[in-house]
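Working notes for the structure below.
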Amino acid sequence: MDKETLELMTWLIPVGPLLSFFLITLFAKHNKTLSAAIAWAAVFTSLGLGWLVSFNVIGLQVEDMQNGTHELRKNPVVIADSEAWLPFQPEIENWLNMGVAVDPLTAVMLFMVPFAVTMIFIYSVGYHNYGKPNGTHLGTPNHGKQEPLFSRFFAFMSLFAAGMLTLVVADNLLLAFMGWEIMGLCSYLLIGFWYAREYDPDPKNAQKLPPRRASIKAFMTTRAGDVFMLLGIVGFYKLFGTLTFADALSAGSLIAAAGTEYSMYGMTFDGATWMGVLGILIFIGTVGKSAQWPLHVWLPNAMEGPTPVSAVIHAAAMVSAGVYVVIRIFPLLAVGMEASGNVSLIIGGIGAFTALMAATIAVAQDDVKGVLAYSTISQLGFMIAALGIGAYIAAAFHLITHAFFKALLFLGSGSIIHGMEHGAEHVHDHHTDPQDMMNMGGLKDKMPVTFWTFVVGGFALSGFPFVTAGFWSKDEILADAYYQISHGHGVIPLLSTAIFWMLAAAALLTAFYTMRQIALTFFGEPRTPLAEHAHESNGYMIWPLRGLAFFAITAGFVGIPETFPVLGQIFNYNFFHHFVGETIYETMKVLYAEGLVAHDIITLPFQPFPVSISIGVALGGLGLGWLVYGVRPLKEGQADPLVRVLGPIHTFLRNKWYWDEIYSFFIIKPVVWFSEYFVYEVVDRGVIDTILHVVAKVFYAIGQFLKRTEEIVFGDAVDWVKDMFLVMAKEVRILQSGRIQEYAGLTLAFTFLLTLLILYVLPILMQYLQ
Amino acid sequence: MIPLSWYLVVAAALFFLGVYGVLARRNAVAMLMAVELMLNAVNINIVAFWRYVSPEEPLGVAWVLFVLTVAAAEAAVGLALVISVYRSRDSVVAEELDSLKY
Amino acid sequence: MDDLTTENLLLNFLIYFPLLAGFVVLLLPSEEKNLIRRLSLIFSLVPMVPVLMLWFAYDRVDAGMQFQMMMPWFETIGANYHIGVDGVSLAMMLLTAILTPLAILASFNVEERPRVFMFLFLVLQTAMFGLFASLDLIIFFIFWEFGLVPMYFLIKFWGGKDRDYASFKFFIYTMAGSLGLLLSIQVMGLSMGTFDIPELMRLWPNAEPTLPVVGLDTGTVKMLAYFAFLIAFAIKIPVWPFHTWLPDAHTQAPTAGSMILAGVLLKLGAYGFLRLVVPLFPAWAYQTAGLLATLGMLSVVLGGFAAYGQWDFKRLVAYSSINHMGFVVLGIAVYAYVYGYAFANQGMVPGEQLTGDAILATSGAVLQMFNHGLSAAAMFFMVGVIYERAHTRDLKKFGGIWAVMPMFGALLIFASMASLGLPGLNGFVSEFMIVRGVFGAGFLIQIGLSMIGLLMTGAYILKGIGEVLHGPLKPEWKDLTDMTLREHLVMWPLMILILSLGVWPRWLLAIINDTVSHWF
């Protein structure tokens, strides 16, 4: 396809959903069928365009592979087109441009995002019971009835998709940030979709935030990261003079910027250190968006949204966006990491800690979506940790595979909940929590499609060896970490050791809680009437599950290392590694030659140790989980065996390490106190207004004093004059008789007098004066 | 030719007749008529002075015409006022119309 | 003045038409309320025509003061009737021309003496147009004070229950600032022999005025004059800690009054900074740029916190104005820093980078003024809509209103997001430019701390939305009706402008940027 068509197509990818948002809100909000049709048309268009563009780029790599050439690497940005957006005099030619660009990294995202989004859109129609009688509760879930705010849901979802696709195709940081924030808004609106929902003050639900609070928590927590990111963006802009990735992050631009010295407030930085600082600032945005510690607290509460929302936010789109942006600016980070080991320590440390911490929490959760939420945080930690040691291809790989299987798992859990809600409708039980795994059990036969696809997703998440996508991507991260233990320098070996073992432990826990979840949900006997009467979801919901399950397995096969025994030889080409690696291959080569980065892109040798660890933790975790929960399934009312084994640690984990309580005590309450009491009551009302009132009172007092003085000193004198005039006036007022003839007579008399005066007196007077 | 002073004497007599009328009559209509007399006395004066002092240009006549016009208008307005006063108070006696008294 | 061009006539027509129209409205019979409203609306729309004509006639290559007109006016003291416009004043005039009709449309429901109400608005429009066009200090001061009076009466007679306190505080506070301004203007005019702003911009920074009678030397005179100017305009913006009149005034003002007060009148202060304070006192501006930036930062941060601490919806929005105008002050600080650079450093010119940052920050500040005008007007109007129905502004009493007023909910969220600075809507563009400019100019601590304020922006906006729209529907609100056509008509122009500026800011920013880069 020629260049212009591809450019146009790239521009149009986010336009469809955006248009869909406006069309639905403006014209179709009263027609549910039309709304869904518009939204579907939009995402299918995006899917078509996205895949066309993506396959065009992938085709170039295939050509390279067949010819043994490296054409793509010389020119990684295949499609680029931009428009001047902000006019900045004095350098008109250096306007801030807004545009789209597609390179291999974008291409793989364009493969994954539209597909996952499309699956979720299809699923949503079934999830909101399309075609059933209309529900009547605005802003609360309508079990078994058609969602009354159906159109609104699709409008928000469309806008969300538009934001994500914008971020993916953006050629500059600002446009990416726009998409990023629009997603933030949509996640707020969608998490709070059931805005009127209120939980009964049941102590079991005491910790549960209602959706409207959860949405605020999500938006504010991510925004805390975003404001740092905004600083990072403006610093980026200042440093490079442009926000376009291809221009700013080219080798020449990076070398030039790294060579410059900056001084501020008396401290001097070299450019490379400064890049590390900016990288960290932008990374803090990612910490918020990708729910890393310490800003991870919003994600579990975000489960209050409808399940398709959870799938979009926590799998395909928003959380991936954070990792995606860090991968985008990776050359900047790489330079910063080489300049200062702290950058690696911060990023890798946060990632590894988050991965392990979230995995431990997931073990003790009972909510079917809660487990997945913490699992998502944990898996994102894997990616971030990989980035911390420079393994950005592994991070990208895990990002893609994770998106597929996590979307699958979320949609699967939605299907489970839907089935349970159906059971709840059937037995008229509205008090039992349909999301609590303790209330499930035995769903295997009642929901076979959901069961099988969920198992596929779960095994991919656990990294079940060789057949699932998750194994290959997770293995690559572990392999990279292991390799860096012996080959890195500075803080890297120590960091890599820590990361390797922490991630291995997290992977073990992952496999364990996945099996726990599968066993509690699907195996054994139904533990409540809800599970007893659950049945398989409708076709809108199970077909997307099948589609995603397909990729949850096959997506891994494009990234099998050539050096891997047997399988490596069969596939013979680590397509993903080469393809995504081309994105910044040349840049990294040049930077490496300049000594600005630690290493360029390398193909790892086969290392038996990390592979065996990776196989071991996956199988070990799954096996352990089966031993605890699968061999002897839980009976109705039986407590989780882990409670007995772990004791107080279980309580600690169940309460999520008490992060919410800590934040509430140390941040939220002080902020509310500061705002309501200190700033408003004390400073504004107290200090400033009191000063104003005192000034006003002083002036008032001066005025009063002057008034009294006047009353005493001048008042009497003036009164006397006034009285005199009054007396005189009383004498004279007889003249004012009201009779016209008296007036006329007086006039005549005075005229006579005046005449006499002028004729006789005045001449004498004049004479005398002369 | 009759000397100028004769005219002046006639005019002065007429004027004081008017003054007497204004001051002495109680009826407002009569007072108005007296005012007309005074105005006409002035007219005689003006015409006489014009004829005897500067007869080249017809300034005096023109002035008199203005005075006559104004007098006519004044009479009309005055009579209208008198009528409206009569309607509201049933009287045209000037002494009784003293609502402007202090 | 020899010959007046068409543009001169247009400019004068623009300034005085609303005043004349106001008197025409006063002549209408008071019981014809609908006629009064409709005619006022039409009259207030008329200035849009000359504004747009001037907008398109403006020569962007020259980008200086254009359509100038100078007539001797008060010759004995050297004051002339000198008016003219540049890109910045045109942008502000456009804002005025947009907001006044919308404010009048928003107050169609005023039943109490609508004739006087509309008259005051039209007078206010004249004052605002006049101020943005005046190029002579005396004329400037006249329009400055002229704008104060109608707003005082609007709050005093159509305000809420504490209107006496609020209007008095508003009036006296601003007057107190104006007093120093007037004295300084007189010192400047008398010592230079002219009140002409372009002349003074040329002469005054290098002049060495003294006050012989009281024995003040040059330095003291300039310092006193500078701080008098500074405080007068800082009160109007308002900058922390001169801000406490604003929440009171806003809370008590009628809806349309708040729209104009936040939409345009606050910009008069910032406009004064751009037009007078910095160009007339470059050396002082340079020295106090850090202070200005710190005050701007404090406005952003403390305004944000204070807004979050409110439970009165309108007061919350009022504090958000302080929060947003703080960004304007931050932008102005960079303008002051770079504009005064050469004056304070013996003619050393600032680097190209620094100039670029200053142009960015200053353009951003002007754009932020425009943007805040739109979004604050929209927010105040939305508060007015719900207040009119529910007769309360207490956030604790609302809840779940989205279910009964879906369109109101959608539009409130839109306006809130514009106020929050969501990318894709207008506020983001200007905030980004300001942050970029301030960051580049090296006020790192100030801009870093002001990010806390940006975070709080999110907190208070979401608090507002959450308390009003979300939650279970309280039974007392179940009969509320959704927005009427008239209310939609007020909001849609604002929303279209907000969106257009967020997506494609060039149409407005280009003309601002041309003028601003001409200043350096």
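By order in the structure tokens, chains are A, B, ...; within a chain, residues start at 1; ligands start at 1, following the order shown.
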
Selection: 7 Å around region 102-113 of chain C, only C-alpha atoms, excl. self and same-chain fewer than 2 positions, as a ChimeraX atom specification: /C:37,41,98-100,115-117,256,259-260,487,490

Output of the above residues as a PDB file, in the first residue's frame, restricted to N, CA and C atoms:
```pdb
ATOM      1  N   ARG C  37     -35.573  42.080  28.002  1.00  0.00           N
ATOM      2  CA  ARG C  37     -34.576  41.011  27.952  1.00  0.00           C
ATOM      3  C   ARG C  37     -34.106  40.777  26.531  1.00  0.00           C
ATOM      4  N   LEU C  41     -30.412  41.504  24.925  1.00  0.00           N
ATOM      5  CA  LEU C  41     -29.615  40.418  24.341  1.00  0.00           C
ATOM      6  C   LEU C  41     -29.126  40.827  22.963  1.00  0.00           C
ATOM      7  N   ILE C  98     -18.209  37.720  23.773  1.00  0.00           N
ATOM      8  CA  ILE C  98     -18.876  36.416  23.858  1.00  0.00           C
ATOM      9  C   ILE C  98     -19.638  36.290  25.163  1.00  0.00           C
ATOM     10  N   LEU C  99     -18.992  36.696  26.257  1.00  0.00           N
ATOM     11  CA  LEU C  99     -19.572  36.390  27.566  1.00  0.00           C
ATOM     12  C   LEU C  99     -20.751  37.291  27.927  1.00  0.00           C
ATOM     13  N   THR C 100     -20.718  38.575  27.508  1.00  0.00           N
ATOM     14  CA  THR C 100     -21.799  39.455  27.941  1.00  0.00           C
ATOM     15  C   THR C 100     -23.168  38.983  27.434  1.00  0.00           C
ATOM     16  N   ARG C 115     -34.908  45.818  33.998  1.00  0.00           N
ATOM     17  CA  ARG C 115     -34.456  46.939  33.181  1.00  0.00           C
ATOM     18  C   ARG C 115     -33.132  47.476  33.709  1.00  0.00           C
ATOM     19  N   VAL C 116     -33.071  47.687  34.992  1.00  0.00           N
ATOM     20  CA  VAL C 116     -31.832  48.213  35.580  1.00  0.00           C
ATOM     21  C   VAL C 116     -30.720  47.173  35.483  1.00  0.00           C
ATOM     22  N   PHE C 117     -31.105  45.931  35.725  1.00  0.00           N
ATOM     23  CA  PHE C 117     -30.143  44.834  35.659  1.00  0.00           C
ATOM     24  C   PHE C 117     -29.444  44.803  34.293  1.00  0.00           C
ATOM     25  N   ALA C 256     -25.347  35.560  36.584  1.00  0.00           N
ATOM     26  CA  ALA C 256     -24.737  36.273  35.470  1.00  0.00           C
ATOM     27  C   ALA C 256     -23.604  37.172  35.958  1.00  0.00           C
ATOM     28  N   MET C 259     -20.645  35.105  36.348  1.00  0.00           N
ATOM     29  CA  MET C 259     -20.083  34.739  35.050  1.00  0.00           C
ATOM     30  C   MET C 259     -19.173  35.843  34.534  1.00  0.00           C
ATOM     31  N   ILE C 260     -19.667  37.086  34.643  1.00  0.00           N
ATOM     32  CA  ILE C 260     -18.865  38.193  34.120  1.00  0.00           C
ATOM     33  C   ILE C 260     -17.700  38.504  35.047  1.00  0.00           C
ATOM     34  N   GLU C 487     -31.188  27.537  28.748  1.00  0.00           N
ATOM     35  CA  GLU C 487     -29.966  27.180  29.452  1.00  0.00           C
ATOM     36  C   GLU C 487     -29.003  26.434  28.533  1.00  0.00           C
ATOM     37  N   VAL C 490     -27.133  28.880  26.462  1.00  0.00           N
ATOM     38  CA  VAL C 490     -25.997  29.529  27.121  1.00  0.00           C
ATOM     39  C   VAL C 490     -24.773  28.618  27.073  1.00  0.00           C
TER      40      VAL C 490
END
```

When you look at region 29-40 of chain B with a cut-off of 9 Å (counting only C-alpha atoms), what residues show up, excluding the ones that are within fewer than 4 positions of it in the same chain? I need them as a PDB file with C-alpha atoms, in the first residue's frame.
```pdb
ATOM      1  CA  ALA B  11     -48.790 104.678  25.765  1.00  0.00           C
ATOM      2  CA  LEU B  14     -52.530 102.844  28.598  1.00  0.00           C
ATOM      3  CA  PHE B  15     -49.755 101.001  30.426  1.00  0.00           C
ATOM      4  CA  PHE B  16     -50.784 102.292  33.809  1.00  0.00           C
ATOM      5  CA  LEU B  17     -54.363 101.460  33.089  1.00  0.00           C
ATOM      6  CA  GLY B  18     -53.099  97.937  32.567  1.00  0.00           C
ATOM      7  CA  VAL B  19     -51.076  98.034  35.763  1.00  0.00           C
ATOM      8  CA  TYR B  20     -54.064  99.216  37.695  1.00  0.00           C
ATOM      9  CA  GLY B  21     -56.146  96.480  36.160  1.00  0.00           C
ATOM     10  CA  VAL B  22     -53.660  93.739  37.097  1.00  0.00           C
ATOM     11  CA  LEU B  23     -53.296  94.929  40.633  1.00  0.00           C
ATOM     12  CA  ALA B  24     -56.886  95.845  41.319  1.00  0.00           C
ATOM     13  CA  ARG B  25     -59.152  93.388  39.557  1.00  0.00           C
ATOM     14  CA  ILE B  44     -47.337 101.690  20.684  1.00  0.00           C
ATOM     15  CA  ASN B  45     -44.031 102.772  22.169  1.00  0.00           C
ATOM     16  CA  VAL B  67     -44.930  90.704  20.482  1.00  0.00           C
ATOM     17  CA  LEU B  68     -48.430  90.349  19.121  1.00  0.00           C
ATOM     18  CA  ALA B  71     -49.321  87.960  23.366  1.00  0.00           C
ATOM     19  CA  ALA B  72     -51.846  85.914  21.497  1.00  0.00           C
ATOM     20  CA  ALA B  75     -53.601  84.838  26.160  1.00  0.00           C
ATOM     21  CA  GLY B  78     -53.577  81.961  30.190  1.00  0.00           C
ATOM     22  CA  LEU B  79     -57.230  81.460  29.385  1.00  0.00           C
ATOM     23  CA  VAL B  82     -57.953  79.928  33.998  1.00  0.00           C
ATOM     24  CA  VAL B  92     -61.400  82.520  39.187  1.00  0.00           C
ATOM     25  CA  ALA B  94     -56.971  85.510  42.124  1.00  0.00           C
TER      26      ALA B  94
END
```

Please return, as a ChimeraX atom specification, all residues of region 242-309 of chain C that DSSP assigns to alpha helix (DSSP H) on the basis of the backbone. /C:245-252,255-260,266-272,278-280,282-287,289-308

Determine which residues of chain B sit within 6 Å of chain A, taking into account only C-alpha atoms, and present them as a ChimeraX atom specification. /B:23,95,98,100-102

The selected residues should be written to file as a PDB file, in the first residue's frame (atoms: C-alpha atoms).
```pdb
ATOM      1  CA  LEU B  23     -53.296  94.929  40.633  1.00  0.00           C
ATOM      2  CA  GLU B  95     -56.822  86.008  45.889  1.00  0.00           C
ATOM      3  CA  ASP B  98     -52.981  80.935  47.197  1.00  0.00           C
ATOM      4  CA  LEU B 100     -48.210  78.573  46.868  1.00  0.00           C
ATOM      5  CA  LYS B 101     -48.385  80.333  50.256  1.00  0.00           C
ATOM      6  CA  TYR B 102     -45.538  79.421  52.613  1.00  0.00           C
TER       7      TYR B 102
END
```

I need the contact residues of chain A against chain C, so if you could list those with any atom within 6 Å, counting only C-alpha atoms, and return them as a ChimeraX atom specification, that would help. /A:86-87,178,195-196,227,234,675-676,679-680

Convert the current residue selection to file output with C-alpha atoms, as a PDB file, in the first residue's frame.
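Saved result, again30.pdb, follows:
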```pdb
ATOM      1  CA  LEU A  86       0.898  25.379  18.326  1.00  0.00           C
ATOM      2  CA  PRO A  87       2.377  28.454  16.708  1.00  0.00           C
ATOM      3  CA  MET A 178      -3.753  13.717  25.843  1.00  0.00           C
ATOM      4  CA  TYR A 195     -22.847   6.107  40.368  1.00  0.00           C
ATOM      5  CA  ALA A 196     -25.824   5.592  42.603  1.00  0.00           C
ATOM      6  CA  VAL A 227       1.296  15.923  37.521  1.00  0.00           C
ATOM      7  CA  VAL A 234       7.828  19.991  29.923  1.00  0.00           C
ATOM      8  CA  SER A 675      -8.121  22.184  53.206  1.00  0.00           C
ATOM      9  CA  GLU A 676     -11.207  22.540  55.306  1.00  0.00           C
ATOM     10  CA  VAL A 679      -6.335  26.905  54.609  1.00  0.00           C
ATOM     11  CA  TYR A 680      -9.950  27.979  54.699  1.00  0.00           C
TER      12      TYR A 680
END
```

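Close contacts of Val300 (chain C), defined as residues with an atom at most 7 Å away when counting only C-alpha atoms, with chain neighbours fewer than 5 positions off set aside, comprise Ile322, Asn323, His324, Gly326, Phe327, Ser450 and Gly453 of chain C.
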
Polymer residues at most 8 Å from region 171-173 of chain A, only C-alpha atoms, same-chain spacing of 2 or more positions, as a PyMOL selection string: chain A and resi 80+97-102+169+175-177+233+243-246

Fewer than 2 positions away in the same chain doesn't count, so skip those; otherwise give me all residues within 9 Å of Leu8 (chain B), counting only C-alpha atoms, as a compact mmCIF listing (two decimals) with N, CA and C atoms, in the first residue's frame.
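Saved the output as around-v2.txt:
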```
# COMPACT_ATOMS: atom_id res chain seq x y z
N LEU B 4 -43.44 113.15 19.05
CA LEU B 4 -43.28 111.82 19.61
C LEU B 4 -43.86 111.72 21.02
N SER B 5 -43.71 112.81 21.78
CA SER B 5 -44.11 112.74 23.18
C SER B 5 -45.58 112.42 23.34
N TRP B 6 -46.44 112.83 22.41
CA TRP B 6 -47.87 112.53 22.51
C TRP B 6 -48.11 111.03 22.53
N VAL B 10 -49.72 108.76 25.54
CA VAL B 10 -50.84 107.82 25.37
C VAL B 10 -50.43 106.43 25.85
N ALA B 11 -49.25 106.02 25.41
CA ALA B 11 -48.79 104.68 25.77
C ALA B 11 -48.64 104.52 27.26
N ALA B 12 -48.07 105.56 27.91
CA ALA B 12 -47.88 105.47 29.36
C ALA B 12 -49.22 105.37 30.05
N ALA B 13 -50.20 106.14 29.55
CA ALA B 13 -51.52 106.09 30.17
C ALA B 13 -52.10 104.69 30.04
N ALA B 41 -49.57 98.78 25.07
CA ALA B 41 -48.90 100.05 25.35
C ALA B 41 -47.45 99.99 24.90
N ILE B 44 -47.24 100.32 21.17
CA ILE B 44 -47.34 101.69 20.68
C ILE B 44 -46.00 102.37 20.81
N ASN B 45 -45.35 102.19 21.95
CA ASN B 45 -44.03 102.77 22.17
C ASN B 45 -43.06 102.35 21.07
N ALA B 48 -43.83 103.86 17.69
CA ALA B 48 -43.53 105.29 17.69
C ALA B 48 -42.04 105.53 17.59
```

Would you mind listing what lies within 10 Å of Leu265 (chain C) as a list of chain:residue names, with only C-alpha atoms counted and same-chain residues fewer than 2 positions away left out? C:Thr96, C:Leu124, C:Met128, C:Trp144, C:Gly147, C:Leu148, C:Met151, C:Lys236, C:Ile237, C:Ser258, C:Met259, C:Ile260, C:Leu261, C:Ala262, C:Gly263, C:Lys267, C:Leu268, C:Gly269, C:Ala270, C:Tyr271, C:Gly373

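For Val64 (chain B), the non-local neighbours within 9 Å, defined as residues at least 4 positions apart in the same chain or in other chains and counting only C-alpha atoms, are Val42, Asn43, Ile44, Ile46, Val47, Leu59, Gly60, Leu68 and Thr69 of chain B.
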
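Note that CA of Gly285 (chain A) and CA of Val323 (chain A) are 10.0 Å apart.
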
Pick out each residue of region 61-249 of chain A that DSSP on the backbone tags as strand (DSSP E); I need them as a list in words. Ile79, Ala80, Asp81, Ser82, Glu83, Ala84, Trp85, Leu86, Leu96, Asn97, Met98, Gly99, Val100, Ala101 and Val102 of chain A

Separation of CA of Phe227 (chain C) and CA of Leu181 (chain C), in Å? 9.0 Å
